[in-house]
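Asker: The following file, run.csv, comprises CSV, C-alpha atoms:
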chain,number,residue,atom,x,y,z
A,1,MET,CA,158.0,94.7,30.8
A,2,ASN,CA,156.1,97.9,30.7
A,3,ASP,CA,155.5,99.8,27.5
A,4,PRO,CA,158.0,102.7,27.6
A,5,PHE,CA,155.9,104.8,25.2
A,6,GLU,CA,152.9,104.4,27.5
A,7,THR,CA,155.0,105.0,30.6
A,8,LEU,CA,156.1,108.4,29.2
A,9,GLY,CA,152.7,109.1,27.6
A,10,LEU,CA,154.1,109.1,24.1
A,11,PRO,CA,152.6,107.8,20.8
A,12,ARG,CA,154.4,104.8,19.4
A,13,THR,CA,156.3,106.5,16.7
A,14,PHE,CA,160.0,106.3,15.6
A,15,ASP,CA,160.3,110.1,15.2
A,16,ILE,CA,160.2,111.8,18.5
A,17,ASP,CA,161.2,115.2,19.9
A,18,LEU,CA,163.9,114.3,22.4
A,19,ARG,CA,163.7,117.7,24.1
A,20,ALA,CA,160.0,117.2,24.7
A,21,VAL,CA,160.6,113.7,25.9
A,22,GLU,CA,163.3,114.9,28.3
A,23,GLN,CA,161.0,117.6,29.6
A,24,ARG,CA,158.2,115.0,30.1
A,25,PHE,CA,160.7,112.7,31.8
A,26,ARG,CA,161.8,115.5,34.2
A,27,ASP,CA,158.2,116.4,35.0
A,28,LEU,CA,157.2,112.8,35.7
A,29,SER,CA,160.4,112.2,37.7
A,30,ARG,CA,159.6,115.2,40.0
A,31,ALA,CA,156.0,114.1,40.5
A,32,MET,CA,156.9,110.5,41.5
A,33,HIS,CA,160.3,111.0,43.1
A,34,PRO,CA,160.6,108.8,46.2
A,35,ASP,CA,161.6,111.8,48.4
A,36,ARG,CA,158.1,113.2,47.9
A,37,PHE,CA,156.8,110.1,49.6
A,38,ALA,CA,159.1,110.1,52.5
A,39,ASP,CA,156.3,110.7,55.1
A,40,LYS,CA,154.0,108.2,53.4
A,41,ALA,CA,153.3,104.5,54.3
A,42,PRO,CA,156.0,102.0,53.3
A,43,ALA,CA,153.8,100.6,50.5
A,44,GLU,CA,153.5,104.0,49.0
A,45,ARG,CA,157.2,104.7,49.2
A,46,ARG,CA,157.9,101.3,47.6
A,47,LEU,CA,155.5,102.0,44.8
A,48,ALA,CA,157.1,105.4,44.2
A,49,ALA,CA,160.5,103.8,44.0
A,50,GLU,CA,159.2,101.1,41.5
A,51,GLN,CA,157.6,103.8,39.4
A,52,THR,CA,160.8,105.8,39.3
A,53,VAL,CA,162.7,102.7,38.1
A,54,THR,CA,160.1,102.1,35.4
A,55,LEU,CA,160.2,105.7,34.3
A,56,ASN,CA,164.1,105.7,34.2
A,57,ASP,CA,164.0,102.5,32.1
A,58,ALA,CA,161.4,103.9,29.8
A,59,PHE,CA,163.4,107.0,29.2
A,60,ARG,CA,166.6,105.1,28.6
A,61,LEU,CA,164.9,102.9,26.0
A,62,ILE,CA,163.1,105.8,24.2
A,63,ARG,CA,166.2,108.0,24.1
A,64,ASP,CA,168.4,105.5,22.2
A,65,LYS,CA,167.3,105.1,18.6
A,66,MET,CA,168.2,101.4,18.3
A,67,ASN,CA,166.4,100.5,21.6
A,68,ARG,CA,163.4,102.5,20.3
A,69,VAL,CA,163.4,100.5,17.1
A,70,LEU,CA,163.6,97.2,19.0
A,71,THR,CA,160.8,98.3,21.3
A,72,LEU,CA,158.5,99.4,18.5
A,73,LEU,CA,159.1,96.2,16.5
A,74,ALA,CA,158.6,94.0,19.5
A,75,ALA,CA,155.4,95.8,20.3
A,76,ALA,CA,154.3,95.3,16.7
A,77,GLY,CA,154.9,91.5,17.0
A,78,ARG,CA,158.1,91.4,14.9
A,79,PRO,CA,161.0,91.5,17.4
A,80,ILE,CA,164.5,91.5,16.2
A,81,HIS,CA,166.4,88.7,17.8
A,82,GLU,CA,170.1,88.6,18.4
A,83,THR,CA,170.5,86.0,15.7
A,84,ALA,CA,168.8,88.2,13.0
A,85,ARG,CA,171.1,88.7,10.0
A,86,ALA,CA,170.9,91.2,7.3
A,87,GLU,CA,170.8,90.3,3.6
A,88,PRO,CA,174.1,89.3,2.0
A,89,GLY,CA,174.4,92.5,0.1
A,90,LEU,CA,174.4,94.6,3.2
A,91,LEU,CA,176.9,92.3,4.9
A,92,MET,CA,179.3,92.7,2.0
A,93,GLU,CA,178.9,96.4,2.2
A,94,ILE,CA,179.6,96.4,5.9
A,95,MET,CA,182.7,94.3,5.4
A,96,GLU,CA,184.0,96.7,2.7
A,97,LEU,CA,183.3,99.7,4.9
A,98,ARG,CA,185.0,98.1,7.9
A,99,GLU,CA,188.1,97.5,5.7
A,100,ALA,CA,188.0,101.1,4.6
A,101,ILE,CA,187.7,102.2,8.3
A,102,ASP,CA,190.7,100.0,9.1
A,103,ASP,CA,192.7,101.5,6.2
A,104,ALA,CA,191.8,105.0,7.4
A,105,ARG,CA,192.8,104.1,10.9
A,106,THR,CA,196.1,102.7,9.7
A,107,ASP,CA,196.9,105.5,7.3
A,108,GLY,CA,195.7,108.2,9.7
A,109,ARG,CA,193.4,109.5,7.0
A,110,PRO,CA,190.2,111.3,7.9
A,111,ALA,CA,187.0,109.3,7.3
A,112,GLU,CA,184.5,112.0,6.4
A,113,ALA,CA,183.5,110.3,3.1
A,114,LEU,CA,182.9,107.1,4.9
A,115,GLN,CA,180.9,108.9,7.6
A,116,ARG,CA,178.7,110.5,4.9
A,117,ARG,CA,178.1,107.2,3.2
A,118,VAL,CA,177.1,105.5,6.4
A,119,ASP,CA,175.0,108.5,7.5
A,120,ALA,CA,173.2,108.4,4.1
A,121,ARG,CA,172.4,104.7,4.6
A,122,ILE,CA,171.2,105.3,8.1
A,123,ASP,CA,168.9,108.2,6.9
A,124,ASP,CA,167.4,105.8,4.3
A,125,GLU,CA,166.6,103.1,6.9
A,126,GLU,CA,165.3,105.7,9.5
A,127,SER,CA,163.0,107.0,6.8
A,128,ALA,CA,161.5,103.6,6.3
A,129,LEU,CA,160.9,103.4,10.1
A,130,ARG,CA,159.3,106.9,10.1
A,131,GLU,CA,156.9,105.8,7.4
A,132,ALA,CA,156.1,102.5,9.2
A,133,PHE,CA,155.6,104.0,12.6
A,134,ASP,CA,154.1,107.3,11.6
A,135,GLY,CA,151.7,107.6,14.4
A,136,THR,CA,148.6,107.0,12.3
A,137,SER,CA,148.0,103.3,13.1
A,138,PHE,CA,149.8,100.9,15.4
A,139,PRO,CA,150.9,98.3,14.7
A,140,PRO,CA,151.9,98.6,11.1
A,141,VAL,CA,150.9,95.5,9.1
A,142,GLY,CA,151.9,93.6,6.0
A,143,GLU,CA,154.5,95.2,3.8
A,144,ARG,CA,154.9,98.2,6.0
A,145,LEU,CA,155.8,96.0,9.0
A,146,ASP,CA,158.2,94.0,6.8
A,147,ARG,CA,160.0,97.2,5.6
A,148,ALA,CA,160.2,98.4,9.2
A,149,TYR,CA,161.7,95.0,10.3
A,150,ASN,CA,164.2,94.9,7.5
A,151,ALA,CA,165.2,98.5,8.2
A,152,GLY,CA,165.6,97.7,11.9
A,153,VAL,CA,167.9,94.8,11.1
A,154,ARG,CA,170.0,97.0,8.8
A,155,LEU,CA,170.2,99.7,11.4
A,156,LYS,CA,171.6,97.2,13.9
A,157,TYR,CA,174.6,96.9,11.7
A,158,LEU,CA,174.8,100.5,10.5
A,159,TYR,CA,174.6,102.1,13.9
A,160,ARG,CA,177.5,99.9,15.0
A,161,LEU,CA,179.5,101.0,12.0
A,162,ARG,CA,178.7,104.6,12.8
A,163,ASP,CA,180.0,104.0,16.3
A,164,GLU,CA,183.2,102.7,14.9
A,165,LEU,CA,183.6,105.7,12.7
A,166,ASP,CA,182.9,108.0,15.7
A,167,ALA,CA,185.6,106.2,17.6
A,168,LEU,CA,188.0,106.8,14.7
A,169,GLU,CA,187.4,110.5,14.8
What is this structure when it is put down as structure tokens?

Answerer:
Amino acid sequence: MNDPFETLGLPRTFDIDLRAVEQRFRDLSRAMHPDRFADKAPAERRLAAEQTVTLNDAFRLIRDKMNRVLTLLAAAGRPIHETARAEPGLLMEIMELREAIDDARTDGRPAEALQRRVDARIDDEESALREAFDGTSFPPVGERLDRAYNAGVRLKYLYRLRDELDALE
């Protein structure tokens, strides 16, 4: 698989300016759009189509925070596998929050306090990723990479929980 950061000409950081990435994506899309190669040889047209697919895939991965985390960690040599589990304390917290979400859903109560709690936890984990993938050196090593990996595993659960809360609203 191609490196989506390289495809879009971006540094390998967690924190990115999505508007700038969208603009970069649009500019690259226009430059390599297959219609611009309609009068070219079949090999050139095929290459343009392949590059467009690669560009679209890169943009999709970079735009989504969890996919960005997974991509960064995989490139750093610490991929998060489907079987990766968070520590027991987080799993208990997730269970309690899910029960609270179910109670709010059943009672028809607003879940703003739950949303704030989950958002605060997400902010903490995203801060760890910002520090690990700060653009100064890639890949992070040692304790920095361990913190990033653990934050990524936690975010896998917390983002799902936030999605559940969003659906409740």

Asker: Hey, what's within 9 Å of Arg162 of chain A if we count all atoms listed in the file and toss same-chain stuff fewer than 6 positions away? As a ChimeraX atom specification, please?

Answerer: /A:115,118-119,122

Asker: Please determine, counting only C-alpha atoms, which residue among A:Leu165, A:Ala43, A:Leu55, A:Met66 has the shortest atom-to-atom distance to Ala100 of chain A.

Answerer: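 The shortest atom-to-atom distance to Ala100 of chain A comes from A:Leu165.
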
Asker: In Å, how far is it from atom CA of Leu155 of chain A to atom CA of Glu125 of chain A?

Answerer: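 About the pair atom CA of Leu155 of chain A and atom CA of Glu125 of chain A: they are 6.7 Å apart.
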
Asker: What gap, in Å, lies between atom CA of Ala167 of chain A and atom CA of Met95 of chain A?

Answerer: 17.3 Å

Asker: With only C-alpha atoms as the atoms that count, which of A:Asn150, A:Pro4, A:Val141, A:Ala111 lies nearest to Glu99 of chain A?

Answerer: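 Counting only C-alpha atoms, the residue closest to Glu99 of chain A is A:Ala111.
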
Asker: Pick from A:Leu129, A:Ala41, A:Leu91, A:Ala49: nearest to Arg68 of chain A, with all atoms listed in the file counted?

Answerer: A:Leu129

Asker: One decimal, Å: what's the distance from atom CA of Leu145 of chain A over to atom CA of Pro79 of chain A, could you say?

Answerer: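 Computing the Euclidean distance for atom CA of Leu145 of chain A and atom CA of Pro79 of chain A yields 10.9 Å.
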
Asker: I need the residue nearest Arg144 of chain A from this list: A:Arg160, A:Lys65, A:Arg30, A:Arg78. Use only C-alpha atoms for the distance.

Answerer: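 Of A:Arg160, A:Lys65, A:Arg30, A:Arg78, the one nearest Arg144 of chain A is A:Arg78, counting only C-alpha atoms.
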
Asker: Can you work out which one of A:Arg121, A:Arg19, A:Arg154, A:Arg105 has the shortest atom-to-atom distance to Pro88 of chain A, counting all atoms listed in the file?

Answerer: A:Arg154

Asker: Taking 3 positions as the minimum chain separation for residues in the same chain, which residues sit within 10 Å of Val153 of chain A when counting all atoms listed in the file? Answer as a list in words.

Answerer: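 So, after excluding close chain neighbours, the residues are Met66, Val69, Leu70, Pro79, Ile80, His81, Glu82, Ala84, Arg85, Ala86, Glu87, Glu125, Arg147, Ala148, Tyr149, Asn150, Lys156, Tyr157 and Leu158 of chain A.
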
Asker: Using all atoms listed in the file, pick whichever of A:Arg63, A:His33, A:Arg26, A:Arg45 has the shortest atom-to-atom distance to Phe5 of chain A.

Answerer: A:Arg63

Asker: Got a sec: who's within 12 Å of Leu8 of chain A, counting all atoms listed in the file, leaving out chain neighbours fewer than 2 positions off, as an NGL selection string?

Answerer: :A and (2-6 or 10-12 or 16 or 18 or 20-29 or 51-52 or 54-63)
